[in-house]
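Just entry.txt here, compact mmCIF, C-alpha atoms:
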```
# COMPACT_ATOMS: atom_id res chain seq x y z
CA MET W 1087 174.33 237.98 14.63
CA GLU W 1088 171.42 239.24 12.49
CA ARG W 1089 171.87 236.29 10.16
CA MET W 1090 171.67 233.92 13.12
CA TYR W 1091 168.40 235.54 14.25
CA VAL W 1092 166.98 235.16 10.75
CA LEU W 1093 167.94 231.47 10.68
CA ILE W 1094 166.39 230.95 14.11
CA GLY W 1095 163.21 232.71 12.96
CA VAL W 1096 162.93 230.63 9.78
CA SER W 1097 163.56 227.45 11.75
CA ALA W 1098 160.86 228.38 14.24
CA ILE W 1099 158.36 228.94 11.42
CA LEU W 1100 159.21 225.59 9.82
CA ILE W 1101 158.93 223.78 13.13
CA ALA W 1102 155.58 225.46 13.84
CA GLY W 1103 154.35 224.41 10.41
CA LEU W 1104 155.45 220.83 10.94
CA LEU W 1105 153.83 220.72 14.37
CA PHE W 1106 150.59 222.07 12.89
CA LEU W 1107 150.61 219.38 10.22
CA MET W 1108 151.41 216.69 12.76
CA PHE W 1109 148.77 217.65 15.31
CA SER W 1110 146.07 219.20 13.13
CA LYS W 1111 142.81 217.28 13.31
CA THR W 1112 141.80 218.20 9.78
CA SER W 1113 143.03 217.88 6.22
CA VAL W 1114 141.73 219.59 3.09
CA ILE W 1115 140.50 218.86 -0.40
CA GLU W 1116 141.80 221.55 -2.71
CA PHE W 1117 142.03 222.25 -6.41
CA SER W 1118 144.80 224.55 -7.66
CA GLY W 1119 145.09 226.06 -4.19
CA VAL W 1120 141.33 226.52 -3.71
CA VAL W 1121 140.16 224.66 -0.60
CA VAL W 1122 136.68 223.26 -1.22
CA ARG W 1123 136.38 221.15 1.94
CA GLU W 1124 138.08 220.59 5.28
CA ILE W 1125 137.93 216.90 6.13
CA PRO W 1126 138.98 214.82 9.15
CA LYS W 1127 142.67 213.96 9.29
CA ASN W 1128 141.95 210.24 9.12
CA SER W 1129 139.93 210.57 5.90
CA ILE W 1130 140.85 208.39 2.95
CA ILE W 1131 140.63 210.37 -0.29
CA VAL W 1132 139.46 207.90 -2.92
CA GLU W 1133 139.03 210.20 -5.90
CA LYS W 1134 139.90 213.77 -6.90
CA ASP W 1135 139.28 214.97 -10.45
CA LEU W 1136 142.30 217.13 -11.25
CA ALA W 1137 140.92 217.81 -14.73
CA VAL W 1138 138.50 220.38 -13.25
CA ALA W 1139 141.11 222.10 -11.05
CA GLU W 1140 141.61 225.17 -13.23
CA ARG W 1141 137.87 225.50 -13.85
CA ILE W 1142 137.19 225.45 -10.11
CA LYS W 1143 139.91 228.04 -9.55
CA LYS W 1144 138.40 230.30 -12.22
CA LEU W 1145 134.89 230.00 -10.76
CA TYR W 1146 136.28 230.74 -7.29
CA GLU W 1147 138.06 233.85 -8.54
CA GLU W 1148 134.83 234.99 -10.21
CA GLY W 1149 132.89 234.41 -6.97
CA ASN W 1150 130.77 231.82 -8.73
CA LEU W 1151 131.91 228.55 -7.15
CA PHE W 1152 129.16 226.42 -5.62
CA VAL W 1153 130.04 222.93 -4.34
CA PHE W 1154 127.55 220.38 -3.01
CA GLU W 1155 128.20 217.44 -0.73
CA GLY W 1156 126.34 214.22 -0.10
CA SER W 1157 127.22 211.69 2.58
CA VAL W 1158 126.01 208.40 3.96
CA THR W 1159 127.22 205.95 6.61
CA LEU W 1160 127.22 202.28 5.66
CA PRO W 1161 129.26 199.13 6.27
CA GLN W 1162 132.27 198.74 4.01
CA ARG W 1163 130.74 195.68 2.36
CA ASP W 1164 128.12 198.03 0.85
CA GLU W 1165 130.70 200.48 -0.46
CA ASN W 1166 129.41 200.65 -4.04
CA LYS W 1167 125.90 201.37 -2.80
CA ALA W 1168 127.29 203.96 -0.38
CA TRP W 1169 129.05 205.91 -3.13
CA GLN W 1170 125.90 205.90 -5.23
CA GLN W 1171 123.70 207.09 -2.37
CA ALA W 1172 126.17 209.82 -1.41
CA ALA W 1173 126.36 210.99 -5.04
CA ASN W 1174 122.55 211.05 -5.25
CA LYS W 1175 122.37 213.21 -2.13
CA ALA W 1176 124.97 215.63 -3.51
CA ARG W 1177 123.04 215.90 -6.76
CA GLN W 1178 119.80 216.49 -4.85
CA GLU W 1179 121.47 219.50 -3.21
CA LEU W 1180 122.63 220.69 -6.63
CA ALA W 1181 119.13 220.18 -8.06
CA ALA W 1182 117.54 222.28 -5.30
CA PHE W 1183 120.07 225.06 -5.90
CA LEU W 1184 119.61 224.98 -9.67
CA GLY W 1185 115.80 224.91 -9.49
CA THR W 1186 115.82 228.06 -7.36
CA LYS W 1187 118.38 229.73 -9.62
CA ILE W 1188 116.42 229.07 -12.82
CA THR W 1189 113.20 230.30 -11.24
CA SER W 1190 114.72 233.50 -9.84
CA ASP W 1191 117.24 234.39 -12.58
CA SER W 1192 115.26 235.93 -15.45
CA SER W 1193 118.15 235.87 -17.95
CA LEU W 1194 118.86 232.19 -17.26
CA ASN W 1195 115.14 231.41 -17.42
CA GLU W 1196 114.90 233.12 -20.80
CA LYS W 1197 117.96 231.30 -22.11
CA ILE W 1198 116.47 227.93 -21.22
CA PHE W 1199 112.75 228.42 -21.85
CA GLY W 1200 112.64 231.38 -24.24
CA VAL W 1201 111.84 229.41 -27.39
CA ARG W 1202 109.28 226.96 -26.00
CA SER W 1203 107.49 229.56 -23.89
CA ALA W 1204 106.91 231.65 -27.03
CA PHE W 1205 104.79 228.76 -28.35
CA GLY W 1206 102.71 228.63 -25.17
CA TYR W 1207 104.45 225.70 -23.50
CA GLU W 1208 104.67 225.68 -19.73
CA GLN W 1209 108.11 226.04 -18.20
CA ASP W 1210 109.06 222.61 -16.84
CA VAL W 1211 111.98 223.46 -14.57
CA ASN W 1212 112.30 219.88 -13.33
CA VAL W 1213 113.09 218.51 -16.80
CA VAL W 1214 115.95 220.98 -17.27
CA VAL W 1215 117.25 220.43 -13.75
CA ASN W 1216 117.24 216.66 -14.19
CA ASN W 1217 119.08 216.90 -17.53
CA PHE W 1218 121.71 219.14 -15.94
CA VAL W 1219 122.13 217.12 -12.75
CA VAL W 1220 122.58 213.87 -14.67
CA SER W 1221 125.47 215.55 -16.52
CA SER W 1222 127.11 216.93 -13.37
CA LYS W 1223 130.55 215.56 -12.52
CA VAL W 1224 131.73 214.04 -9.27
CA ILE W 1225 134.90 215.97 -8.40
CA ALA W 1226 135.92 214.27 -5.15
CA LYS W 1227 135.16 211.20 -3.04
CA TRP W 1228 136.47 210.36 0.41
CA LYS W 1229 135.57 208.08 3.27
CA VAL W 1230 136.03 208.40 7.02
CA PRO W 1231 136.20 205.39 9.39
CA VAL W 1232 133.58 205.74 12.13
CA LYS W 1233 133.55 202.32 13.79
CA LYS W 1234 134.61 198.79 13.01
CA GLY W 1235 133.59 197.93 9.47
CA PHE W 1236 131.70 201.22 8.95
CA PHE W 1237 132.63 204.36 7.02
CA GLU W 1238 131.15 207.75 6.26
CA TYR W 1239 131.16 208.08 2.48
CA HIS W 1240 131.33 211.60 1.03
CA VAL W 1241 130.88 212.84 -2.54
CA LEU W 1242 131.30 216.35 -3.99
CA VAL W 1243 129.75 217.80 -7.15
CA PHE W 1244 129.85 221.40 -8.35
CA TYR W 1245 127.77 223.84 -10.37
CA ASP W 1246 129.33 224.87 -13.67
CA PRO W 1247 127.47 227.68 -15.50
CA ASP W 1248 129.09 226.59 -18.77
CA LEU W 1249 127.39 223.21 -18.48
CA ILE W 1250 123.93 224.78 -18.18
CA GLU W 1251 124.80 226.75 -21.33
CA SER W 1252 125.73 223.48 -23.03
CA VAL W 1253 122.50 221.79 -21.88
CA SER W 1254 120.51 224.77 -23.19
CA LYS W 1255 122.21 224.57 -26.60
CA LYS W 1256 121.62 220.83 -26.82
CA GLN W 1257 117.94 221.41 -26.05
CA GLN W 1258 117.71 223.93 -28.87
CA GLN W 1259 119.54 221.63 -31.28
CA SER W 1260 117.27 218.70 -30.42
CA MET W 1261 114.14 220.75 -31.13
CA GLN W 1262 112.56 220.43 -34.54
CA LEU W 1263 112.08 224.12 -35.23
CA TYR W 1264 111.49 225.56 -38.70
CA PHE W 1265 111.34 229.05 -40.16
CA VAL W 1266 108.81 229.49 -42.96
CA VAL W 1267 108.06 232.41 -45.29
CA TYR W 1268 104.72 232.33 -47.10
CA ASP W 1269 104.10 234.64 -50.08
CA VAL W 1270 100.52 235.88 -49.75
CA LYS W 1271 100.19 236.97 -53.41
CA LYS W 1272 101.66 233.78 -54.84
CA GLY W 1273 99.80 231.64 -52.30
CA ARG W 1274 102.75 229.38 -51.56
CA VAL W 1275 105.71 228.83 -49.27
CA ILE W 1276 108.84 230.43 -50.72
CA LYS W 1277 111.22 229.48 -47.91
CA ILE W 1278 111.41 226.76 -45.29
CA GLU W 1279 114.54 225.97 -43.31
CA ARG W 1280 115.50 224.11 -40.16
CA VAL W 1281 116.48 226.40 -37.28
CA ASP W 1282 119.60 225.06 -35.56
CA ASP W 1283 120.66 228.34 -33.97
CA ILE W 1284 117.83 230.62 -32.84
CA ALA W 1285 120.31 233.50 -32.47
CA ARG W 1286 120.42 233.78 -36.29
CA TYR W 1287 116.68 234.49 -36.29
CA LYS W 1288 116.57 236.54 -33.10
CA GLU W 1289 115.06 239.71 -34.57
CA LYS W 1290 112.28 237.92 -36.47
CA PHE W 1291 111.60 235.53 -33.59
CA GLU W 1292 111.33 238.30 -30.99
CA PHE W 1293 108.99 240.26 -33.27
CA ALA W 1294 106.81 237.18 -33.77
CA ARG W 1295 106.76 236.46 -30.05
CA LYS W 1296 105.63 239.99 -29.19
CA ASN W 1297 103.16 240.48 -32.03
CA GLY W 1298 102.23 237.06 -33.36
CA LYS W 1299 99.71 234.33 -32.71
CA VAL W 1300 100.10 230.64 -31.92
CA VAL W 1301 98.19 227.89 -33.71
CA ILE W 1302 98.21 224.22 -32.71
CA PHE W 1303 97.89 221.58 -35.42
CA GLU W 1304 98.64 217.96 -36.21
CA VAL W 1305 99.90 216.15 -39.28
CA LYS W 1306 98.64 212.59 -39.59
CA ASN W 1307 99.19 210.44 -42.67
CA LYS W 1308 100.28 213.63 -44.46
CA LYS W 1309 96.90 215.23 -43.73
CA VAL W 1310 96.81 218.48 -41.75
CA PHE W 1311 94.31 218.93 -38.93
CA ILE W 1312 94.09 222.56 -37.91
CA LYS W 1313 91.50 224.96 -36.56
CA GLY W 1314 91.38 228.60 -37.51
CA ASP W 1315 92.83 230.66 -40.35
CA ILE W 1316 92.55 228.83 -43.71
CA GLU W 1317 95.66 230.58 -44.99
CA ILE W 1318 97.67 229.22 -42.06
CA GLY W 1319 96.46 225.78 -43.08
CA LYS W 1320 97.90 226.40 -46.55
CA ILE W 1321 101.27 227.28 -45.02
CA VAL W 1322 101.35 224.01 -43.14
CA LYS W 1323 100.35 221.96 -46.19
CA ASN W 1324 102.98 223.71 -48.31
CA ALA W 1325 105.64 223.05 -45.67
CA ASN W 1326 105.33 219.28 -46.26
CA LEU W 1327 105.95 218.33 -42.62
CA GLU W 1328 106.27 214.79 -41.30
CA ASP W 1329 103.55 213.31 -39.10
CA GLY W 1330 103.33 214.69 -35.58
CA LYS W 1331 101.93 217.45 -33.37
CA TYR W 1332 103.10 221.01 -33.94
CA ARG W 1333 102.72 224.59 -32.84
CA LEU W 1334 103.03 227.50 -35.24
CA LEU W 1335 103.92 231.07 -34.23
CA TYR W 1336 103.29 233.60 -36.97
CA VAL W 1337 103.04 237.27 -37.93
CA ARG W 1338 101.83 238.70 -41.21
CA ASN W 1339 101.92 241.80 -43.33
CA LYS W 1340 100.35 242.53 -46.73
CA GLU W 1341 102.95 240.55 -48.65
CA TYR W 1342 104.22 237.77 -46.41
CA ILE W 1343 103.47 235.56 -43.45
CA TYR W 1344 106.53 234.76 -41.34
CA ALA W 1345 106.15 231.65 -39.23
CA PHE W 1346 108.12 229.51 -36.82
CA ILE W 1347 106.94 225.91 -36.54
CA LEU W 1348 107.90 223.77 -33.55
CA LYS W 1349 107.31 220.04 -33.37
CA GLY W 1350 106.27 218.62 -30.01
CA GLU W 1351 103.39 217.76 -27.73
```
This structure in structure tokens:
Amino acid sequence: MERMYVLIGVSAILIAGLLFLMFSKTSVIEFSGVVVREIPKNSIIVEKDLAVAERIKKLYEEGNLFVFEGSVTLPQRDENKAWQQAANKARQELAAFLGTKITSDSSLNEKIFGVRSAFGYEQDVNVVVNNFVVSSKVIAKWKVPVKKGFFEYHVLVFYDPDLIESVSKKQQQSMQLYFVVYDVKKGRVIKIERVDDIARYKEKFEFARKNGKVVIFEVKNKKVFIKGDIEIGKIVKNANLEDGKYRLLYVRNKEYIYAFILKGE
């Protein structure tokens, strides 16, 4: 008798589940069990990037999942344009979120702007945001019929903190940054090396940022145009830099001048 009751109970649950699926007005878009959107039952899912499923699940479990949606209603004949417009809207939402996050999160701000700000450059949040947003992935696309020949087109993108880390590293790697040691007694540069990873020079760089000075100069046809300390001019000439505009951050003691030279406007 008990077994019969159990079977009846299980059957009732299965029937209830089937009825829910049959009569539910919504469906879902999910990745590894994480529901990112409820969508109308009559939606047509066009694309779902399963490659990011585990990443989305991990971000969700860490409480760090942020998904952004863009949508537009257009006739089906303009479908390609519709997907593009919907993706642009989703990325605009992501851009607004990221701009606020960079401005308000001091550690993220430092990670992105720490090097350039030490040389007196203004923090251009928009440039970083645009670089990040362009790299953001579309993770899902679906369309919903609204009337004859017309659809609502929807696109999802998400914020991945690892990608902002990657963008930050690429920015650092693309910078022409040099570390120079000038021997005051010998009157010449004894070391010059390209800085590919600022972390290797963290102690010296932080000391220079807190205690040093910044000088702006230009190299044109191998001639150095600089205002200020003559000895700093000697450092630049000894460094044998290619033509361009530079900024130099330096500190000195009795024996050496330690300098970081950054190429850029």
Using all atoms listed in the file, give me every residue within 12 Å of (130.0, 206.9, 0.4) in file coordinates, as number ranges by chain. W: 1129-1133, 1155-1176, 1226-1231, 1236-1242
Any idea what the distance is between atom CA of Tyr1287 of chain W and atom CA of Val1322 of chain W?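 Atom CA of Val1322 of chain W lies 19.8 Å from atom CA of Tyr1287 of chain W.
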W:Arg1202, W:Arg1141, W:Arg1177, W:Lys1349 ranked by distance to Ser1222 of chain W, top pick (using only C-alpha atoms): W:Arg1177
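In this model, the gap between atom CA of Tyr1207 of chain W and atom CA of Val1300 of chain W comes to 10.7 Å.
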Would you list the contacts of segment 1336-1339 of chain W as a short mmCIF file (atom, residue, chain, number, x, y, z; two decimals) with C-alpha atoms, in the coordinates of the input, taking every protein, DNA or RNA residue within 12 Å and counting only C-alpha atoms, but skipping same-chain residues closer than 3 positions in sequence?
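Output file result-v8.cif is given in full below:
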```cif
data_model
loop_
_atom_site.label_atom_id
_atom_site.label_comp_id
_atom_site.auth_asym_id
_atom_site.auth_seq_id
_atom_site.Cartn_x
_atom_site.Cartn_y
_atom_site.Cartn_z
CA ALA W 1204 106.91 231.65 -27.03
CA PHE W 1205 104.79 228.76 -28.35
CA TYR W 1264 111.49 225.56 -38.70
CA PHE W 1265 111.34 229.05 -40.16
CA VAL W 1266 108.81 229.49 -42.96
CA VAL W 1267 108.06 232.41 -45.29
CA TYR W 1268 104.72 232.33 -47.10
CA ASP W 1269 104.10 234.64 -50.08
CA VAL W 1270 100.52 235.88 -49.75
CA LYS W 1271 100.19 236.97 -53.41
CA LYS W 1290 112.28 237.92 -36.47
CA PHE W 1291 111.60 235.53 -33.59
CA GLU W 1292 111.33 238.30 -30.99
CA PHE W 1293 108.99 240.26 -33.27
CA ALA W 1294 106.81 237.18 -33.77
CA ARG W 1295 106.76 236.46 -30.05
CA LYS W 1296 105.63 239.99 -29.19
CA ASN W 1297 103.16 240.48 -32.03
CA GLY W 1298 102.23 237.06 -33.36
CA LYS W 1299 99.71 234.33 -32.71
CA VAL W 1300 100.10 230.64 -31.92
CA VAL W 1301 98.19 227.89 -33.71
CA ILE W 1302 98.21 224.22 -32.71
CA ASP W 1315 92.83 230.66 -40.35
CA GLU W 1317 95.66 230.58 -44.99
CA ILE W 1318 97.67 229.22 -42.06
CA ILE W 1321 101.27 227.28 -45.02
CA VAL W 1322 101.35 224.01 -43.14
CA ARG W 1333 102.72 224.59 -32.84
CA TYR W 1342 104.22 237.77 -46.41
CA ILE W 1343 103.47 235.56 -43.45
CA TYR W 1344 106.53 234.76 -41.34
CA ALA W 1345 106.15 231.65 -39.23
CA PHE W 1346 108.12 229.51 -36.82
CA ILE W 1347 106.94 225.91 -36.54
CA LEU W 1348 107.90 223.77 -33.55
#
```
Go through W:Glu1196, W:Asp1191, W:Asp1246, W:Glu1179 one by one, measure the shortest atom-to-atom distance of each to Asn1150 of chain W using all atoms listed in the file, and give the residue with the smallest value.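 Closest candidate: W:Asp1246.
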Contacts of Phe1303 of chain W at 9 Å or less, counting all atoms listed in the file, minus same-chain residues fewer than 5 places along, as a PyMOL selection string? chain W and resi 1310-1313+1319+1322+1330-1334
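Interatomic distance, atom CA of Glu1124 of chain W to atom CA of Phe1154 of chain W: 13.4 Å.
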Listed atoms of segment 1269-1285 of chain W boxed along x, y and z, 8 Å each side, centre and edge lengths in Å, one decimal, as lines of an AutoDock Vina configuration file:
```
center_x = 110.2
center_y = 230.5
center_z = -43.7
size_x = 36.9
size_y = 28.9
size_z = 38.4
```
Go through W:Leu1327, W:Val1232, W:Leu1145, W:Val1219 one by one, measure the shortest atom-to-atom distance of each to Val1120 of chain W using all atoms listed in the file, and give the residue with the smallest value. W:Leu1145
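Considering the residues W:Lys1111, W:Arg1280, W:Lys1134, W:Lys1272 and counting only C-alpha atoms, Lys1320 of chain W has its shortest atom-to-atom contact with W:Lys1272.
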Minimum-distance residue to Ile1198 of chain W, chosen among W:Met1261, W:Ile1250, W:Leu1151, W:Ile1276 (using all atoms listed in the file):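 For Ile1198 of chain W, the nearest of the candidates is W:Ile1250.
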Counting only C-alpha atoms, the option among W:Thr1186, W:Ser1193, W:Phe1218, W:Phe1244 closest to Asp1135 of chain W: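 When distances to Asp1135 of chain W are compared using only C-alpha atoms, the smallest one comes from W:Phe1244.
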Completion step: segment 1148-1176 of chain W with N, CA and C atoms as a tab-separated table (two decimals), keeping the file's coordinate frame:
```tsv
chain	number	residue	atom	x	y	z
W	1148	GLU	N	135.97	234.20	-9.73
W	1148	GLU	CA	134.83	234.99	-10.21
W	1148	GLU	C	133.72	235.09	-9.16
W	1149	GLY	N	133.92	234.42	-8.01
W	1149	GLY	CA	132.89	234.41	-6.97
W	1149	GLY	C	131.67	233.60	-7.36
W	1150	ASN	N	131.90	232.59	-8.20
W	1150	ASN	CA	130.77	231.82	-8.73
W	1150	ASN	C	130.95	230.32	-8.51
W	1151	LEU	N	131.68	229.97	-7.44
W	1151	LEU	CA	131.91	228.55	-7.15
W	1151	LEU	C	130.90	228.05	-6.12
W	1152	PHE	N	130.14	227.04	-6.51
W	1152	PHE	CA	129.16	226.42	-5.62
W	1152	PHE	C	129.40	224.90	-5.64
W	1153	VAL	N	129.72	224.36	-4.46
W	1153	VAL	CA	130.04	222.93	-4.34
W	1153	VAL	C	129.02	222.28	-3.41
W	1154	PHE	N	128.60	221.06	-3.76
W	1154	PHE	CA	127.55	220.38	-3.01
W	1154	PHE	C	128.02	219.00	-2.58
W	1155	GLU	N	127.71	218.67	-1.33
W	1155	GLU	CA	128.20	217.44	-0.73
W	1155	GLU	C	127.06	216.52	-0.33
W	1156	GLY	N	127.27	215.24	-0.58
W	1156	GLY	CA	126.34	214.22	-0.10
W	1156	GLY	C	127.11	213.19	0.70
W	1157	SER	N	126.51	212.68	1.76
W	1157	SER	CA	127.22	211.69	2.58
W	1157	SER	C	126.25	210.65	3.12
W	1158	VAL	N	126.80	209.49	3.41
W	1158	VAL	CA	126.01	208.40	3.96
W	1158	VAL	C	126.95	207.49	4.75
W	1159	THR	N	126.43	206.89	5.82
W	1159	THR	CA	127.22	205.95	6.61
W	1159	THR	C	126.69	204.54	6.39
W	1160	LEU	N	127.60	203.67	5.94
W	1160	LEU	CA	127.22	202.28	5.66
W	1160	LEU	C	128.41	201.36	5.94
W	1161	PRO	N	128.14	200.07	6.11
W	1161	PRO	CA	129.26	199.13	6.27
W	1161	PRO	C	130.10	199.06	5.00
W	1162	GLN	N	131.36	198.76	5.15
W	1162	GLN	CA	132.27	198.74	4.01
W	1162	GLN	C	131.85	197.73	2.94
W	1163	ARG	N	131.17	196.68	3.34
W	1163	ARG	CA	130.74	195.68	2.36
W	1163	ARG	C	129.73	196.26	1.36
W	1164	ASP	N	129.08	197.38	1.75
W	1164	ASP	CA	128.12	198.03	0.85
W	1164	ASP	C	128.72	199.29	0.22
W	1165	GLU	N	130.00	199.27	-0.01
W	1165	GLU	CA	130.70	200.48	-0.46
W	1165	GLU	C	130.15	201.03	-1.78
W	1166	ASN	N	129.92	200.18	-2.74
W	1166	ASN	CA	129.41	200.65	-4.04
W	1166	ASN	C	128.06	201.36	-3.87
W	1167	LYS	N	127.20	200.76	-3.07
W	1167	LYS	CA	125.90	201.37	-2.80
W	1167	LYS	C	126.07	202.70	-2.06
W	1168	ALA	N	127.04	202.74	-1.16
W	1168	ALA	CA	127.29	203.96	-0.38
W	1168	ALA	C	127.70	205.12	-1.28
W	1169	TRP	N	128.62	204.85	-2.21
W	1169	TRP	CA	129.05	205.91	-3.13
W	1169	TRP	C	127.88	206.42	-3.95
W	1170	GLN	N	127.04	205.50	-4.41
W	1170	GLN	CA	125.90	205.90	-5.23
W	1170	GLN	C	124.92	206.75	-4.44
W	1171	GLN	N	124.64	206.34	-3.21
W	1171	GLN	CA	123.70	207.09	-2.37
W	1171	GLN	C	124.26	208.47	-2.03
W	1172	ALA	N	125.54	208.53	-1.73
W	1172	ALA	CA	126.17	209.82	-1.41
W	1172	ALA	C	126.14	210.75	-2.63
W	1173	ALA	N	126.41	210.19	-3.81
W	1173	ALA	CA	126.36	210.99	-5.04
W	1173	ALA	C	124.94	211.49	-5.30
W	1174	ASN	N	123.95	210.64	-5.06
W	1174	ASN	CA	122.55	211.05	-5.25
W	1174	ASN	C	122.19	212.21	-4.33
W	1175	LYS	N	122.66	212.14	-3.08
W	1175	LYS	CA	122.37	213.21	-2.13
W	1175	LYS	C	123.04	214.52	-2.56
W	1176	ALA	N	124.27	214.42	-3.04
W	1176	ALA	CA	124.97	215.63	-3.51
W	1176	ALA	C	124.22	216.24	-4.68
```
